[in-house]
Amino acid sequence: EIRRLAEAGAKHGTVAITEEQTMGKGRRGRSWLAEAGAGIAMSFLLKPQIEAQNSSMLTLVTALAVNEAICEITGIRAKIKWPNDIVISGRKVCGMLLEMGGDLERLKFISAGIGINVLQKLEDFPEDLREKAGSLALAGGKGFSLTRTDVLCACLSAIEQAVELCYADYPALLEEYRALSITIGSEIVASGGSDVRGTAIDINENGELLVRDAAGEVHVLRTGDVSVRGVMGYV
């Protein structure tokens with residue numbers, strides 16, 4: 001819907017949100033389900049004044065903004081798994097997918113899709129995801145009383161501020177991202193274009209993950225799936 005609106009001339013910052021999502025799209029063709037009344041499924045439109053090759057900064061900045069919003073509103077410590085999964089106590093509570101509209105010469109817009117698990121109980125997840133998936137309510141325990149609207153508003157406010165700030169002070173935001181990364185310093189296995197095993201040592205200014213393998217060679221991962229030891233069921 002956001003891509004359709006973008007092509008029709010919608011403004012920067014336009015948001016589309018649905019009560020229930022049954023055909024959500026994740027990375028590498030995976031699906032993302034959002035059952036009615038339990039989570040947040042939204043996409044928003046960005047029309048940034050940047051070159052297409054610099055668009056990766058918005059992937060990191062959006063993840064940072066949502067992570068900080070969740071931490072602030074819930075009081076729960078959350079971390080970021082590269083590039084933009086939000087993880088609490090080893091379980092994924094939020095996934096994102098940013099897609100460009102345009103070409104290599106000109107970036108017309110970015111469609112940023114975000115799914116946040118808010119009120120789900122463990123039994124609400126498919127059996128094969130119960131070791132990997134979590135929700136804010138599960139992490140918050142019996143004292144959790146936030147509504148989905150509370151979470152939505154906090155995230156949108158944080159994203160708006162972060163997107164504006166990233167043009168002026170991206171290096172500072174990148175340092176914040178690194179500090180909240182659960183990937184840097186961990187053993188990882190990468191798949192989907194880069195079959196690399198080693199230790200993640202940094203995230204560079206282009207948003208790429210640097211991984212040192214057992215032989216000491218440093219690999220630069222631009223895309224792909226990364227499993228982090230101790231996170232989302234990877235032991």
# chains A, B, ... in the order shown; residues from 1 in each chain; ligands from 1
call {"tool": "select_by_dssp", "arguments": {"residues": "range 40-77 of chain A", "states": "strand (DSSP E)", "output": "list of chain:residue names"}}
result
A:Ile40, A:Ala41, A:Met42, A:Ser43, A:Phe44, A:Leu45, A:Leu46
call {"tool": "closest_atom_pairs", "arguments": {"of": "range 13-95 of chain A", "to": "range 146-149 of chain A", "cutoff": "10 Å", "atoms": "only C-alpha atoms", "output": "CSV"}}
result
residue,atom,partner,partner_atom,distance
A:Gly37,CA,A:Arg148,CA,8.5
A:Ala38,CA,A:Arg148,CA,7.9
A:Gly39,CA,A:Arg148,CA,6.9
A:Ile40,CA,A:Arg148,CA,6.7
A:Ile73,CA,A:Leu146,CA,8.5
A:Thr74,CA,A:Leu146,CA,7.9
call {"tool": "residues_around", "arguments": {"residues": "Pro48 in chain A", "least_positions_apart": "5", "cutoff": "12 Å", "atoms": "only C-alpha atoms", "output": "list in words"}}
result
Lys11, His12, Gly13, Asn54, Ser55, Ser56, Met57, Leu58, Met100, Gly101, Arg106, Leu107, Lys108, Phe109, Ile110, Ser111, Glu160, Val163, Glu164, Leu165, Cys166 and Tyr167 of chain A
call {"tool": "write_last_selection", "arguments": {"atoms": "N, CA, C and O atoms", "output": "mmCIF file, in the first residue's frame"}}
result
data_model
loop_
_atom_site.group_PDB
_atom_site.id
_atom_site.type_symbol
_atom_site.label_atom_id
_atom_site.label_comp_id
_atom_site.auth_asym_id
_atom_site.auth_seq_id
_atom_site.Cartn_x
_atom_site.Cartn_y
_atom_site.Cartn_z
ATOM 1 N N LYS A 11 3.056 11.958 0.465
ATOM 2 C CA LYS A 11 4.112 12.746 1.095
ATOM 3 C C LYS A 11 5.031 11.890 1.972
ATOM 4 O O LYS A 11 4.633 10.843 2.491
ATOM 5 N N HIS A 12 6.249 12.373 2.151
ATOM 6 C CA HIS A 12 7.206 11.815 3.103
ATOM 7 C C HIS A 12 6.541 11.717 4.473
ATOM 8 O O HIS A 12 5.903 12.661 4.941
ATOM 9 N N GLY A 13 6.662 10.547 5.112
ATOM 10 C CA GLY A 13 6.081 10.364 6.438
ATOM 11 C C GLY A 13 4.718 9.700 6.443
ATOM 12 O O GLY A 13 4.183 9.399 7.511
ATOM 13 N N ASN A 54 23.647 5.505 -0.391
ATOM 14 C CA ASN A 54 23.715 5.812 1.039
ATOM 15 C C ASN A 54 22.454 5.401 1.788
ATOM 16 O O ASN A 54 22.317 5.699 2.977
ATOM 17 N N SER A 55 21.551 4.712 1.112
ATOM 18 C CA SER A 55 20.265 4.393 1.725
ATOM 19 C C SER A 55 20.390 3.431 2.903
ATOM 20 O O SER A 55 19.495 3.375 3.753
ATOM 21 N N SER A 56 21.494 2.690 2.973
ATOM 22 C CA SER A 56 21.657 1.728 4.067
ATOM 23 C C SER A 56 21.678 2.403 5.427
ATOM 24 O O SER A 56 21.361 1.771 6.438
ATOM 25 N N MET A 57 22.046 3.687 5.465
ATOM 26 C CA MET A 57 22.066 4.380 6.753
ATOM 27 C C MET A 57 20.672 4.399 7.379
ATOM 28 O O MET A 57 20.535 4.341 8.601
ATOM 29 N N LEU A 58 19.634 4.446 6.546
ATOM 30 C CA LEU A 58 18.277 4.494 7.080
ATOM 31 C C LEU A 58 17.853 3.158 7.670
ATOM 32 O O LEU A 58 17.021 3.106 8.574
ATOM 33 N N MET A 100 13.766 -0.003 -1.554
ATOM 34 C CA MET A 100 13.918 1.233 -2.309
ATOM 35 C C MET A 100 12.984 1.268 -3.509
ATOM 36 O O MET A 100 12.715 0.242 -4.128
ATOM 37 N N GLY A 101 12.544 2.453 -3.845
ATOM 38 C CA GLY A 101 11.845 2.697 -5.092
ATOM 39 C C GLY A 101 12.670 3.662 -5.917
ATOM 40 O O GLY A 101 13.091 4.705 -5.419
ATOM 41 N N ARG A 106 18.871 7.308 -9.084
ATOM 42 C CA ARG A 106 17.974 8.214 -8.368
ATOM 43 C C ARG A 106 17.089 7.442 -7.402
ATOM 44 O O ARG A 106 16.402 6.504 -7.798
ATOM 45 N N LEU A 107 17.133 7.835 -6.147
ATOM 46 C CA LEU A 107 16.298 7.233 -5.119
ATOM 47 C C LEU A 107 15.006 8.043 -5.016
ATOM 48 O O LEU A 107 15.025 9.204 -4.632
ATOM 49 N N LYS A 108 13.890 7.428 -5.381
ATOM 50 C CA LYS A 108 12.609 8.134 -5.320
ATOM 51 C C LYS A 108 11.984 8.066 -3.933
ATOM 52 O O LYS A 108 11.459 9.047 -3.426
ATOM 53 N N PHE A 109 12.024 6.877 -3.338
ATOM 54 C CA PHE A 109 11.423 6.724 -2.016
ATOM 55 C C PHE A 109 11.915 5.431 -1.384
ATOM 56 O O PHE A 109 12.510 4.574 -2.048
ATOM 57 N N ILE A 110 11.663 5.299 -0.096
ATOM 58 C CA ILE A 110 11.913 4.055 0.628
ATOM 59 C C ILE A 110 10.624 3.657 1.329
ATOM 60 O O ILE A 110 9.995 4.472 2.010
ATOM 61 N N SER A 111 10.228 2.410 1.139
ATOM 62 C CA SER A 111 9.097 1.839 1.863
ATOM 63 C C SER A 111 9.662 1.039 3.032
ATOM 64 O O SER A 111 10.413 0.083 2.832
ATOM 65 N N GLU A 160 10.789 9.489 13.473
ATOM 66 C CA GLU A 160 10.773 10.825 12.882
ATOM 67 C C GLU A 160 11.997 11.632 13.318
ATOM 68 O O GLU A 160 12.676 12.254 12.502
ATOM 69 N N VAL A 163 15.337 10.021 11.790
ATOM 70 C CA VAL A 163 15.521 10.260 10.354
ATOM 71 C C VAL A 163 15.998 11.686 10.112
ATOM 72 O O VAL A 163 16.884 11.935 9.286
ATOM 73 N N GLU A 164 15.424 12.643 10.830
ATOM 74 C CA GLU A 164 15.853 14.031 10.670
ATOM 75 C C GLU A 164 17.293 14.213 11.140
ATOM 76 O O GLU A 164 18.084 14.917 10.526
ATOM 77 N N LEU A 165 17.639 13.546 12.245
ATOM 78 C CA LEU A 165 18.968 13.711 12.827
ATOM 79 C C LEU A 165 20.041 13.008 12.014
ATOM 80 O O LEU A 165 21.203 13.438 12.004
ATOM 81 N N CYS A 166 19.666 11.940 11.312
ATOM 82 C CA CYS A 166 20.693 11.141 10.642
ATOM 83 C C CYS A 166 21.419 11.930 9.564
ATOM 84 O O CYS A 166 22.581 11.669 9.279
ATOM 85 N N TYR A 167 20.748 12.896 8.943
ATOM 86 C CA TYR A 167 21.418 13.695 7.923
ATOM 87 C C TYR A 167 22.479 14.596 8.544
ATOM 88 O O TYR A 167 23.514 14.871 7.943
#
call {"tool": "residues_around", "arguments": {"residues": "Gly207 in chain A", "least_positions_apart": "2", "cutoff": "8 Å", "atoms": "only C-alpha atoms", "output": "PyMOL selection string"}}
result
chain A and resi 56-57+59-60+83+203-205+209+222
call {"tool": "atom_distance", "arguments": {"atom1": "CA of Tyr177 in chain A", "atom2": "CA of Ile17 in chain A"}}
result
26.1 Å
call {"tool": "select_by_dssp", "arguments": {"residues": "range 112-172 of chain A", "states": "alpha helix (DSSP H)", "output": "ChimeraX atom specification"}}
result
/A:136-140,148-172
call {"tool": "closest_residue", "arguments": {"among": "A:Leu173, A:Leu156, A:Val66, A:Ala190", "to": "Thr14 in chain A", "atoms": "only C-alpha atoms"}}
result
A:Leu156
call {"tool": "residues_around", "arguments": {"residues": "Ser186 in chain A", "least_positions_apart": "2", "cutoff": "9 Å", "atoms": "only C-alpha atoms", "output": "list of chain:residue names"}}
result
A:Ile182, A:Thr183, A:Ile184, A:Ile188, A:Gly198, A:Thr199, A:Ala200, A:Ile201, A:Val228, A:Arg229, A:Gly230
call {"tool": "closest_residue", "arguments": {"among": "A:Ser145, A:Ser43, A:Gln49, A:Asn67", "to": "Ala16 in chain A", "atoms": "only C-alpha atoms"}}
result
A:Ser43
call {"tool": "residues_around", "arguments": {"residues": "Ala41 in chain A", "least_positions_apart": "5", "cutoff": "8 Å", "atoms": "only C-alpha atoms", "output": "list of chain:residue names"}}
result
A:Ile17, A:Thr18, A:Glu19, A:Glu20, A:Gln21, A:Ala34, A:Gly113, A:Ile114, A:Gly115, A:Ile116
call {"tool": "atom_distance", "arguments": {"atom1": "CA of Leu5 in chain A", "atom2": "CA of Ile86 in chain A"}}
result
27.3 Å
call {"tool": "atom_distance", "arguments": {"atom1": "CA of Leu98 in chain A", "atom2": "CA of Gly140 in chain A"}}
result
27.8 Å
call {"tool": "decode", "arguments": {"residues": "range 187-223 of chain A", "atoms": "N, CA, C and O atoms", "output": "PDB file, in the first residue's frame"}}
result
ATOM      1  N   GLU A 187      29.955 -14.763  18.002  1.00  0.00           N
ATOM      2  CA  GLU A 187      30.161 -15.740  16.943  1.00  0.00           C
ATOM      3  C   GLU A 187      28.931 -15.761  16.057  1.00  0.00           C
ATOM      4  O   GLU A 187      27.799 -15.783  16.560  1.00  0.00           O
ATOM      5  N   ILE A 188      29.141 -15.735  14.747  1.00  0.00           N
ATOM      6  CA  ILE A 188      28.009 -15.694  13.828  1.00  0.00           C
ATOM      7  C   ILE A 188      28.200 -16.701  12.697  1.00  0.00           C
ATOM      8  O   ILE A 188      29.310 -17.120  12.382  1.00  0.00           O
ATOM      9  N   VAL A 189      27.082 -17.062  12.099  1.00  0.00           N
ATOM     10  CA  VAL A 189      27.076 -17.834  10.870  1.00  0.00           C
ATOM     11  C   VAL A 189      26.208 -17.071   9.881  1.00  0.00           C
ATOM     12  O   VAL A 189      25.061 -16.724  10.191  1.00  0.00           O
ATOM     13  N   ALA A 190      26.751 -16.760   8.716  1.00  0.00           N
ATOM     14  CA  ALA A 190      26.012 -16.021   7.697  1.00  0.00           C
ATOM     15  C   ALA A 190      25.618 -16.956   6.570  1.00  0.00           C
ATOM     16  O   ALA A 190      26.360 -17.870   6.211  1.00  0.00           O
ATOM     17  N   SER A 191      24.438 -16.730   6.026  1.00  0.00           N
ATOM     18  CA  SER A 191      23.971 -17.513   4.883  1.00  0.00           C
ATOM     19  C   SER A 191      23.175 -16.596   3.971  1.00  0.00           C
ATOM     20  O   SER A 191      22.840 -15.477   4.325  1.00  0.00           O
ATOM     21  N   GLY A 192      22.865 -17.092   2.786  1.00  0.00           N
ATOM     22  CA  GLY A 192      22.094 -16.291   1.855  1.00  0.00           C
ATOM     23  C   GLY A 192      22.958 -15.318   1.090  1.00  0.00           C
ATOM     24  O   GLY A 192      22.776 -14.104   1.185  1.00  0.00           O
ATOM     25  N   GLY A 193      23.904 -15.823   0.348  1.00  0.00           N
ATOM     26  CA  GLY A 193      24.785 -14.972  -0.438  1.00  0.00           C
ATOM     27  C   GLY A 193      26.202 -14.936   0.101  1.00  0.00           C
ATOM     28  O   GLY A 193      27.152 -14.767  -0.648  1.00  0.00           O
ATOM     29  N   SER A 194      26.358 -15.105   1.417  1.00  0.00           N
ATOM     30  CA  SER A 194      27.694 -15.106   2.031  1.00  0.00           C
ATOM     31  C   SER A 194      27.744 -16.208   3.075  1.00  0.00           C
ATOM     32  O   SER A 194      27.195 -16.062   4.163  1.00  0.00           O
ATOM     33  N   ASP A 195      28.358 -17.323   2.736  1.00  0.00           N
ATOM     34  CA  ASP A 195      28.482 -18.425   3.687  1.00  0.00           C
ATOM     35  C   ASP A 195      29.760 -18.229   4.487  1.00  0.00           C
ATOM     36  O   ASP A 195      30.834 -18.721   4.128  1.00  0.00           O
ATOM     37  N   VAL A 196      29.628 -17.482   5.578  1.00  0.00           N
ATOM     38  CA  VAL A 196      30.779 -17.099   6.395  1.00  0.00           C
ATOM     39  C   VAL A 196      30.507 -17.484   7.838  1.00  0.00           C
ATOM     40  O   VAL A 196      29.397 -17.329   8.342  1.00  0.00           O
ATOM     41  N   ARG A 197      31.532 -18.000   8.492  1.00  0.00           N
ATOM     42  CA  ARG A 197      31.465 -18.312   9.927  1.00  0.00           C
ATOM     43  C   ARG A 197      32.638 -17.625  10.603  1.00  0.00           C
ATOM     44  O   ARG A 197      33.772 -17.695  10.128  1.00  0.00           O
ATOM     45  N   GLY A 198      32.376 -16.942  11.706  1.00  0.00           N
ATOM     46  CA  GLY A 198      33.457 -16.258  12.398  1.00  0.00           C
ATOM     47  C   GLY A 198      32.937 -15.355  13.495  1.00  0.00           C
ATOM     48  O   GLY A 198      31.838 -15.563  14.025  1.00  0.00           O
ATOM     49  N   THR A 199      33.729 -14.334  13.842  1.00  0.00           N
ATOM     50  CA  THR A 199      33.366 -13.383  14.885  1.00  0.00           C
ATOM     51  C   THR A 199      33.074 -12.026  14.260  1.00  0.00           C
ATOM     52  O   THR A 199      33.903 -11.496  13.504  1.00  0.00           O
ATOM     53  N   ALA A 200      31.907 -11.471  14.558  1.00  0.00           N
ATOM     54  CA  ALA A 200      31.570 -10.133  14.065  1.00  0.00           C
ATOM     55  C   ALA A 200      32.403  -9.113  14.830  1.00  0.00           C
ATOM     56  O   ALA A 200      32.400  -9.110  16.067  1.00  0.00           O
ATOM     57  N   ILE A 201      33.142  -8.264  14.111  1.00  0.00           N
ATOM     58  CA  ILE A 201      34.055  -7.338  14.791  1.00  0.00           C
ATOM     59  C   ILE A 201      33.625  -5.881  14.687  1.00  0.00           C
ATOM     60  O   ILE A 201      34.041  -5.053  15.491  1.00  0.00           O
ATOM     61  N   ASP A 202      32.770  -5.545  13.716  1.00  0.00           N
ATOM     62  CA  ASP A 202      32.349  -4.147  13.601  1.00  0.00           C
ATOM     63  C   ASP A 202      31.251  -4.021  12.554  1.00  0.00           C
ATOM     64  O   ASP A 202      30.976  -4.947  11.792  1.00  0.00           O
ATOM     65  N   ILE A 203      30.635  -2.843  12.539  1.00  0.00           N
ATOM     66  CA  ILE A 203      29.698  -2.443  11.491  1.00  0.00           C
ATOM     67  C   ILE A 203      30.219  -1.133  10.936  1.00  0.00           C
ATOM     68  O   ILE A 203      30.429  -0.172  11.682  1.00  0.00           O
ATOM     69  N   ASN A 204      30.494  -1.088   9.631  1.00  0.00           N
ATOM     70  CA  ASN A 204      31.118   0.104   9.073  1.00  0.00           C
ATOM     71  C   ASN A 204      30.079   1.175   8.737  1.00  0.00           C
ATOM     72  O   ASN A 204      28.874   0.980   8.924  1.00  0.00           O
ATOM     73  N   GLU A 205      30.562   2.308   8.231  1.00  0.00           N
ATOM     74  CA  GLU A 205      29.670   3.444   7.984  1.00  0.00           C
ATOM     75  C   GLU A 205      28.645   3.177   6.892  1.00  0.00           C
ATOM     76  O   GLU A 205      27.636   3.883   6.783  1.00  0.00           O
ATOM     77  N   ASN A 206      28.876   2.144   6.092  1.00  0.00           N
ATOM     78  CA  ASN A 206      27.918   1.769   5.056  1.00  0.00           C
ATOM     79  C   ASN A 206      26.876   0.774   5.563  1.00  0.00           C
ATOM     80  O   ASN A 206      26.045   0.302   4.793  1.00  0.00           O
ATOM     81  N   GLY A 207      26.947   0.444   6.845  1.00  0.00           N
ATOM     82  CA  GLY A 207      26.012  -0.507   7.423  1.00  0.00           C
ATOM     83  C   GLY A 207      26.384  -1.950   7.190  1.00  0.00           C
ATOM     84  O   GLY A 207      25.582  -2.851   7.458  1.00  0.00           O
ATOM     85  N   GLU A 208      27.588  -2.200   6.697  1.00  0.00           N
ATOM     86  CA  GLU A 208      28.033  -3.566   6.407  1.00  0.00           C
ATOM     87  C   GLU A 208      28.672  -4.193   7.644  1.00  0.00           C
ATOM     88  O   GLU A 208      29.317  -3.501   8.445  1.00  0.00           O
ATOM     89  N   LEU A 209      28.491  -5.491   7.783  1.00  0.00           N
ATOM     90  CA  LEU A 209      29.021  -6.226   8.924  1.00  0.00           C
ATOM     91  C   LEU A 209      30.400  -6.787   8.589  1.00  0.00           C
ATOM     92  O   LEU A 209      30.574  -7.432   7.550  1.00  0.00           O
ATOM     93  N   LEU A 210      31.366  -6.541   9.462  1.00  0.00           N
ATOM     94  CA  LEU A 210      32.723  -7.059   9.276  1.00  0.00           C
ATOM     95  C   LEU A 210      32.893  -8.295  10.150  1.00  0.00           C
ATOM     96  O   LEU A 210      32.668  -8.251  11.366  1.00  0.00           O
ATOM     97  N   VAL A 211      33.303  -9.396   9.520  1.00  0.00           N
ATOM     98  CA  VAL A 211      33.417 -10.677  10.223  1.00  0.00           C
ATOM     99  C   VAL A 211      34.807 -11.259  10.003  1.00  0.00           C
ATOM    100  O   VAL A 211      35.265 -11.375   8.866  1.00  0.00           O
ATOM    101  N   ARG A 212      35.472 -11.625  11.084  1.00  0.00           N
ATOM    102  CA  ARG A 212      36.787 -12.260  10.988  1.00  0.00           C
ATOM    103  C   ARG A 212      36.629 -13.768  11.161  1.00  0.00           C
ATOM    104  O   ARG A 212      36.089 -14.236  12.166  1.00  0.00           O
ATOM    105  N   ASP A 213      37.090 -14.533  10.159  1.00  0.00           N
ATOM    106  CA  ASP A 213      36.951 -15.984  10.240  1.00  0.00           C
ATOM    107  C   ASP A 213      38.116 -16.593  11.015  1.00  0.00           C
ATOM    108  O   ASP A 213      39.012 -15.883  11.496  1.00  0.00           O
ATOM    109  N   ALA A 214      38.109 -17.924  11.136  1.00  0.00           N
ATOM    110  CA  ALA A 214      39.113 -18.614  11.951  1.00  0.00           C
ATOM    111  C   ALA A 214      40.518 -18.432  11.415  1.00  0.00           C
ATOM    112  O   ALA A 214      41.495 -18.521  12.166  1.00  0.00           O
ATOM    113  N   ALA A 215      40.663 -18.152  10.114  1.00  0.00           N
ATOM    114  CA  ALA A 215      41.976 -17.946   9.505  1.00  0.00           C
ATOM    115  C   ALA A 215      42.458 -16.496   9.623  1.00  0.00           C
ATOM    116  O   ALA A 215      43.558 -16.180   9.186  1.00  0.00           O
ATOM    117  N   GLY A 216      41.606 -15.631  10.186  1.00  0.00           N
ATOM    118  CA  GLY A 216      41.986 -14.236  10.352  1.00  0.00           C
ATOM    119  C   GLY A 216      41.565 -13.323   9.226  1.00  0.00           C
ATOM    120  O   GLY A 216      41.789 -12.115   9.285  1.00  0.00           O
ATOM    121  N   GLU A 217      40.928 -13.875   8.198  1.00  0.00           N
ATOM    122  CA  GLU A 217      40.474 -13.046   7.081  1.00  0.00           C
ATOM    123  C   GLU A 217      39.198 -12.310   7.462  1.00  0.00           C
ATOM    124  O   GLU A 217      38.301 -12.873   8.102  1.00  0.00           O
ATOM    125  N   VAL A 218      39.127 -11.035   7.076  1.00  0.00           N
ATOM    126  CA  VAL A 218      37.955 -10.226   7.379  1.00  0.00           C
ATOM    127  C   VAL A 218      37.031 -10.186   6.164  1.00  0.00           C
ATOM    128  O   VAL A 218      37.457  -9.832   5.059  1.00  0.00           O
ATOM    129  N   HIS A 219      35.774 -10.552   6.377  1.00  0.00           N
ATOM    130  CA  HIS A 219      34.767 -10.554   5.322  1.00  0.00           C
ATOM    131  C   HIS A 219      33.812  -9.383   5.544  1.00  0.00           C
ATOM    132  O   HIS A 219      33.473  -9.046   6.681  1.00  0.00           O
ATOM    133  N   VAL A 220      33.368  -8.777   4.457  1.00  0.00           N
ATOM    134  CA  VAL A 220      32.417  -7.673   4.514  1.00  0.00           C
ATOM    135  C   VAL A 220      31.065  -8.179   4.033  1.00  0.00           C
ATOM    136  O   VAL A 220      30.914  -8.556   2.866  1.00  0.00           O
ATOM    137  N   LEU A 221      30.086  -8.221   4.933  1.00  0.00           N
ATOM    138  CA  LEU A 221      28.759  -8.720   4.589  1.00  0.00           C
ATOM    139  C   LEU A 221      27.825  -7.547   4.314  1.00  0.00           C
ATOM    140  O   LEU A 221      27.601  -6.712   5.182  1.00  0.00           O
ATOM    141  N   ARG A 222      27.313  -7.500   3.112  1.00  0.00           N
ATOM    142  CA  ARG A 222      26.392  -6.418   2.734  1.00  0.00           C
ATOM    143  C   ARG A 222      24.941  -6.836   2.918  1.00  0.00           C
ATOM    144  O   ARG A 222      24.093  -6.031   3.277  1.00  0.00           O
ATOM    145  N   THR A 223      24.654  -8.101   2.632  1.00  0.00           N
ATOM    146  CA  THR A 223      23.303  -8.633   2.770  1.00  0.00           C
ATOM    147  C   THR A 223      23.405 -10.059   3.296  1.00  0.00           C
ATOM    148  O   THR A 223      24.503 -10.599   3.477  1.00  0.00           O
TER     149      THR A 223
END
